[in-house]
Each structure stands twice: as structure tokens, then as C-alpha cells.
Amino acid sequence: MKHLLIASTSTVHGSGFLDYLLDVLKTHFKTTETILFIPFARPGGMSYEAYTTFVQLAFSKLGKTVKGLHEFENPQEAIKNAKGIFTGGGNTFLLVDQLYKKNVIGALKTAIETGTPYLGTSAGSNICGLTIGTSNDMPIAYPKSFQTLGVVPFNINPHYLDPDPNSTHMGETRKTRIKEFHHFNSQPVIGLREGSYLEVVGSKITLKGPLSARVFEKNKTPYEIKPESDVSNLN
């Protein structure tokens with residue numbers, strides 16, 4: 001049975017890394033003392049080692065140990081044997097490029113679908129959807145495919161921003177970009193605002209956190225869903 005937390009962000013304004021999720025993570029990762037961290041998104045050119053150390057500081061508050069996937073000679077076996085997995089944020093294209101190059105997409109999908117607790121934030125949440133076609137990131141790497149884990153039946157748009165009616169910016173809004181996506185693609189998209197996350201338990205997918213989320217379906221008017229909404233049937 002799947003157990004996932006798919007979060008818009010690792011850090012909300014005014015708090016530290018993962019602080020807003022710590023109570024939830026204590027329960028989510030209760031069956032393991034060691035978290036396998038996938039650092040391949042590497043924000044800002046940070047090394048895998050430095051990123052893993054940074055994540056360790058957060059999980060030490062829960063008494064957990066963090067091991068980076070880059071530390072293992074056989075990454076597929078490391079994922080297969082993991083008791084808990086976290087994929088952090090950064091650049092989604094770089095993350096997916098590395099997942100394909102290291103041939104771990106299949107192993108990661110299998111681990112999640114067979115019950116290994118998984119946490120994703122930002123880029124690590126993007127890869128839970130059907131594709132990364134609704135990422136906000138620049139394509140700084142060229143992955144083998146935009147297809148990702150598909151452990152939820154829609155796409156994610158983390159860090160979703162509502163149009164600002166007072167802004168003088170004349171470029172595309174997030175709403176406009178997702179509409180463009182739907183010109184060529186049919187899957188729904190959930191815009192997750194900062195501090196919101198999806199909890200997946202088996203086949204049930206529930207919006208969690210203090211804010212509503214924005215749902216985009218092809219040829220339909222976007223609409224809001226409230227916290228605790230069940231989106232299991234969105235596909």
C-alpha cells in the first residue's frame with residue numbers, strides 16, 4: 001500500500017527546512033530510523049554531500065539518520081532495501097536526467113508502489129506525477145523522457161502562484177502556462193500552494209495543509225479544492 005507525502009515546498013516563509021512538516025514526518029517515517037535521500041536535483045550547484053548533510057540536520061530533530069543515494073555502489077539495490085525515501089527540491093530536469101542515467105526510475109516506482117514511505121518536495125514532488133510537463137524549472141538538463149513515476153494519476157505544479165491583480169508584470173501567469181500545457185496534454189494538474197501537500201495512503205489521495213489548491217482540467221474552468229478534499233478520482 002502506497003504511503004506518500006507530496007509537498008509543494010520544503011520550507012515555508014518564516015520557518016526552517018521541513019519544519020512545518022516535522023510532526024507529520026514523525027508519523028510518516030515511524031517504521032524506519034534511516035532515510036534514503038535522493039539529492040540529484042542539487043539546488044544552486046550544491047554538492048550531493050553538502051545537500052545530504054543539510055537534510056540530515058532537519059531529520060536529526062526526529063532522531064533519524066540520512067544516507068544519500070550517491071553513497072551506494074548499487075543505487076537500485078539501495079532503493080529496493082530502503083525503509084523510507086526522500087527526494088528533495090532543486091531542478092526537476094536535472095533530477096529526472098540523473099534518475100534515468102542511473103536507471104533507478106523503475107526501482108523507485110516499485111518501492112513506492114510496494115509501500116516504502118516516500119516524501120517529495122518541489123522537484124521531488126514533480127516526479128510523482130505522470131510527467132514533468134508542468135514543472136516551473138528551466139530545462140538545464142535534457143532527460144531521456146519527461147515521463148516520471150506516475151504514482152498519482154495527474155500532474156503537479158508546486159509553488160503555485162495566483163495571478164496578482166496589482167502586478168505590472170505582463171508575462172504569462174501560472175494559469176496561462178498550465179492552459180498552454182493542456183493544449184497538448186490531457187491530464188489534470190493540481191497547483192499546490194506553499195505549505196500544502198498531498199497525502200497518499202493506498203489509493204486515497206487527500207489535500208493537506210492550511211490552504212486550498214487549484215485544479216486544472218482540460219477544457220474546464222479551473223476550480224478550488226479545500227483542505228481534506230479527496231482527489232483520488234482526479235484523472
# chains A, B, ... in the order shown; residues from 1 in each chain; ligands from 1
>>> select_by_dssp(residues="segment 94-179 of chain A", states="alpha helix (DSSP H)", output="PyMOL selection string")
chain A and resi 94-101+105-113+123-126+174-179
>>> residues_around(residues="segment 128-137 of chain A", least_positions_apart="6", cutoff="7 Å", atoms="only C-alpha atoms", output="PDB file with N, CA and C atoms, in the first residue's frame")
ATOM      1  N   ASN A  91      16.307  21.406  -9.290  1.00  0.00           N
ATOM      2  CA  ASN A  91      15.872  21.497 -10.681  1.00  0.00           C
ATOM      3  C   ASN A  91      15.304  20.152 -11.127  1.00  0.00           C
ATOM      4  N   THR A  92      14.058  20.167 -11.559  1.00  0.00           N
ATOM      5  CA  THR A  92      13.369  18.926 -11.912  1.00  0.00           C
ATOM      6  C   THR A  92      13.992  18.237 -13.118  1.00  0.00           C
ATOM      7  N   PHE A 146      10.299  12.896 -20.393  1.00  0.00           N
ATOM      8  CA  PHE A 146       9.580  13.719 -19.410  1.00  0.00           C
ATOM      9  C   PHE A 146       8.657  12.854 -18.551  1.00  0.00           C
ATOM     10  N   GLN A 147       8.475  11.593 -18.940  1.00  0.00           N
ATOM     11  CA  GLN A 147       7.620  10.694 -18.170  1.00  0.00           C
ATOM     12  C   GLN A 147       8.296  10.355 -16.857  1.00  0.00           C
ATOM     13  N   THR A 148       7.504  10.349 -15.774  1.00  0.00           N
ATOM     14  CA  THR A 148       8.100  10.105 -14.463  1.00  0.00           C
ATOM     15  C   THR A 148       7.403   8.939 -13.753  1.00  0.00           C
ATOM     16  N   LEU A 149       7.221   9.016 -12.455  1.00  0.00           N
ATOM     17  CA  LEU A 149       6.792   7.848 -11.689  1.00  0.00           C
ATOM     18  C   LEU A 149       5.330   7.481 -11.895  1.00  0.00           C
ATOM     19  N   GLY A 150       4.471   8.471 -12.062  1.00  0.00           N
ATOM     20  CA  GLY A 150       3.056   8.182 -12.265  1.00  0.00           C
ATOM     21  C   GLY A 150       2.406   7.491 -11.080  1.00  0.00           C
ATOM     22  N   VAL A 151       2.846   7.833  -9.875  1.00  0.00           N
ATOM     23  CA  VAL A 151       2.238   7.214  -8.686  1.00  0.00           C
ATOM     24  C   VAL A 151       0.993   7.964  -8.236  1.00  0.00           C
ATOM     25  N   VAL A 152       0.707   9.095  -8.869  1.00  0.00           N
ATOM     26  CA  VAL A 152      -0.602   9.739  -8.798  1.00  0.00           C
ATOM     27  C   VAL A 152      -1.045   9.978 -10.240  1.00  0.00           C
ATOM     28  N   PRO A 153      -2.363   9.988 -10.520  1.00  0.00           N
ATOM     29  CA  PRO A 153      -2.840   9.994 -11.901  1.00  0.00           C
ATOM     30  C   PRO A 153      -3.019  11.386 -12.510  1.00  0.00           C
ATOM     31  N   PHE A 154      -2.165  12.318 -12.120  1.00  0.00           N
ATOM     32  CA  PHE A 154      -2.243  13.674 -12.643  1.00  0.00           C
ATOM     33  C   PHE A 154      -0.859  14.305 -12.547  1.00  0.00           C
ATOM     34  N   ASN A 155      -0.754  15.556 -12.933  1.00  0.00           N
ATOM     35  CA  ASN A 155       0.497  16.288 -12.808  1.00  0.00           C
ATOM     36  C   ASN A 155       0.449  17.224 -11.607  1.00  0.00           C
ATOM     37  N   ILE A 156       1.628  17.585 -11.131  1.00  0.00           N
ATOM     38  CA  ILE A 156       1.765  18.507 -10.007  1.00  0.00           C
ATOM     39  C   ILE A 156       2.354  19.818 -10.507  1.00  0.00           C
ATOM     40  N   ASN A 157       1.872  20.930  -9.971  1.00  0.00           N
ATOM     41  CA  ASN A 157       2.548  22.212 -10.156  1.00  0.00           C
ATOM     42  C   ASN A 157       2.864  22.769  -8.768  1.00  0.00           C
ATOM     43  N   ILE A 178      -0.314  26.663 -17.622  1.00  0.00           N
ATOM     44  CA  ILE A 178      -0.981  25.368 -17.497  1.00  0.00           C
ATOM     45  C   ILE A 178      -2.031  25.213 -18.599  1.00  0.00           C
TER      46      ILE A 178
END
>>> select_by_dssp(residues="segment 71-190 of chain A", states="strand (DSSP E)", output="ChimeraX atom specification")
/A:85-87,118-121,155-157,189-190
>>> write_last_selection(atoms="N, CA, C and O atoms", output="mmCIF file, in the first residue's frame")
data_model
loop_
_atom_site.group_PDB
_atom_site.id
_atom_site.type_symbol
_atom_site.label_atom_id
_atom_site.label_comp_id
_atom_site.auth_asym_id
_atom_site.auth_seq_id
_atom_site.Cartn_x
_atom_site.Cartn_y
_atom_site.Cartn_z
ATOM 1 N N ILE A 85 12.154 6.949 1.974
ATOM 2 C CA ILE A 85 12.839 7.675 0.893
ATOM 3 C C ILE A 85 12.377 9.122 0.854
ATOM 4 O O ILE A 85 11.182 9.409 0.983
ATOM 5 N N PHE A 86 13.329 10.022 0.659
ATOM 6 C CA PHE A 86 13.040 11.448 0.489
ATOM 7 C C PHE A 86 13.769 11.961 -0.745
ATOM 8 O O PHE A 86 14.971 11.766 -0.890
ATOM 9 N N THR A 87 13.028 12.599 -1.644
ATOM 10 C CA THR A 87 13.636 13.277 -2.792
ATOM 11 C C THR A 87 13.404 14.769 -2.635
ATOM 12 O O THR A 87 12.260 15.222 -2.567
ATOM 13 N N TYR A 118 7.410 7.497 1.252
ATOM 14 C CA TYR A 118 8.119 8.437 0.375
ATOM 15 C C TYR A 118 7.705 9.864 0.699
ATOM 16 O O TYR A 118 6.516 10.149 0.886
ATOM 17 N N LEU A 119 8.696 10.736 0.739
ATOM 18 C CA LEU A 119 8.461 12.182 0.830
ATOM 19 C C LEU A 119 9.087 12.857 -0.365
ATOM 20 O O LEU A 119 10.248 12.594 -0.701
ATOM 21 N N GLY A 120 8.325 13.713 -1.018
ATOM 22 C CA GLY A 120 8.862 14.541 -2.088
ATOM 23 C C GLY A 120 8.552 15.994 -1.807
ATOM 24 O O GLY A 120 7.465 16.319 -1.313
ATOM 25 N N THR A 121 9.516 16.860 -2.082
ATOM 26 C CA THR A 121 9.261 18.298 -2.010
ATOM 27 C C THR A 121 9.702 18.925 -3.324
ATOM 28 O O THR A 121 10.754 18.572 -3.866
ATOM 29 N N ASN A 155 -0.754 15.556 -12.933
ATOM 30 C CA ASN A 155 0.497 16.288 -12.808
ATOM 31 C C ASN A 155 0.449 17.224 -11.607
ATOM 32 O O ASN A 155 -0.631 17.619 -11.153
ATOM 33 N N ILE A 156 1.628 17.585 -11.131
ATOM 34 C CA ILE A 156 1.765 18.507 -10.007
ATOM 35 C C ILE A 156 2.354 19.818 -10.507
ATOM 36 O O ILE A 156 3.236 19.821 -11.374
ATOM 37 N N ASN A 157 1.872 20.930 -9.971
ATOM 38 C CA ASN A 157 2.548 22.212 -10.156
ATOM 39 C C ASN A 157 2.864 22.769 -8.768
ATOM 40 O O ASN A 157 2.024 23.397 -8.134
ATOM 41 N N VAL A 189 -4.031 18.855 -13.615
ATOM 42 C CA VAL A 189 -2.886 19.425 -12.914
ATOM 43 C C VAL A 189 -3.385 20.001 -11.589
ATOM 44 O O VAL A 189 -4.394 20.704 -11.558
ATOM 45 N N ILE A 190 -2.683 19.683 -10.509
ATOM 46 C CA ILE A 190 -3.007 20.293 -9.216
ATOM 47 C C ILE A 190 -1.943 21.329 -8.890
ATOM 48 O O ILE A 190 -0.757 21.012 -8.817
#
>>> residues_around(residues="Lys83 of chain A", least_positions_apart="3", cutoff="10 Å", atoms="only C-alpha atoms", output="list of chain:residue names")
A:Phe29, A:Lys30, A:Thr31, A:Thr32, A:Glu33, A:Thr34, A:Ile35, A:Leu36, A:Ala78, A:Ile79, A:Lys80, A:Ala111, A:Gly115, A:Thr116, A:Pro117, A:Tyr118
>>> atom_distance(atom1="atom CA of Thr206 of chain A", atom2="atom CA of Asp230 of chain A")
4.6 Å
>>> atom_distance(atom1="atom CA of Leu234 of chain A", atom2="atom CA of Glu180 of chain A")
19.6 Å
>>> residues_around(residues="Gln76 of chain A", least_positions_apart="5", cutoff="10 Å", atoms="only C-alpha atoms", output="list in words")
Leu69, Asn81, Ala82, Lys102, Asn103, Val104, Ile105, Gly106, Ala107 and Leu108 of chain A
>>> closest_residue(among="A:Phe181, A:Phe54, A:Phe216, A:Phe37", to="Gly84 of chain A", atoms="only C-alpha atoms")
A:Phe37
>>> closest_residue(among="A:Ser125, A:Ser15, A:Asn219, A:Thr110", to="His159 of chain A", atoms="only C-alpha atoms")
A:Ser125
>>> closest_residue(among="A:Glu217, A:Glu224, A:Glu71, A:Glu199", to="Val24 of chain A", atoms="only C-alpha atoms")
A:Glu199
>>> residues_around(residues="Ala41 of chain A", least_positions_apart="2", cutoff="9 Å", atoms="only C-alpha atoms", output="PyMOL selection string")
chain A and resi 38-39+43+45+48+87-96+98+123-124
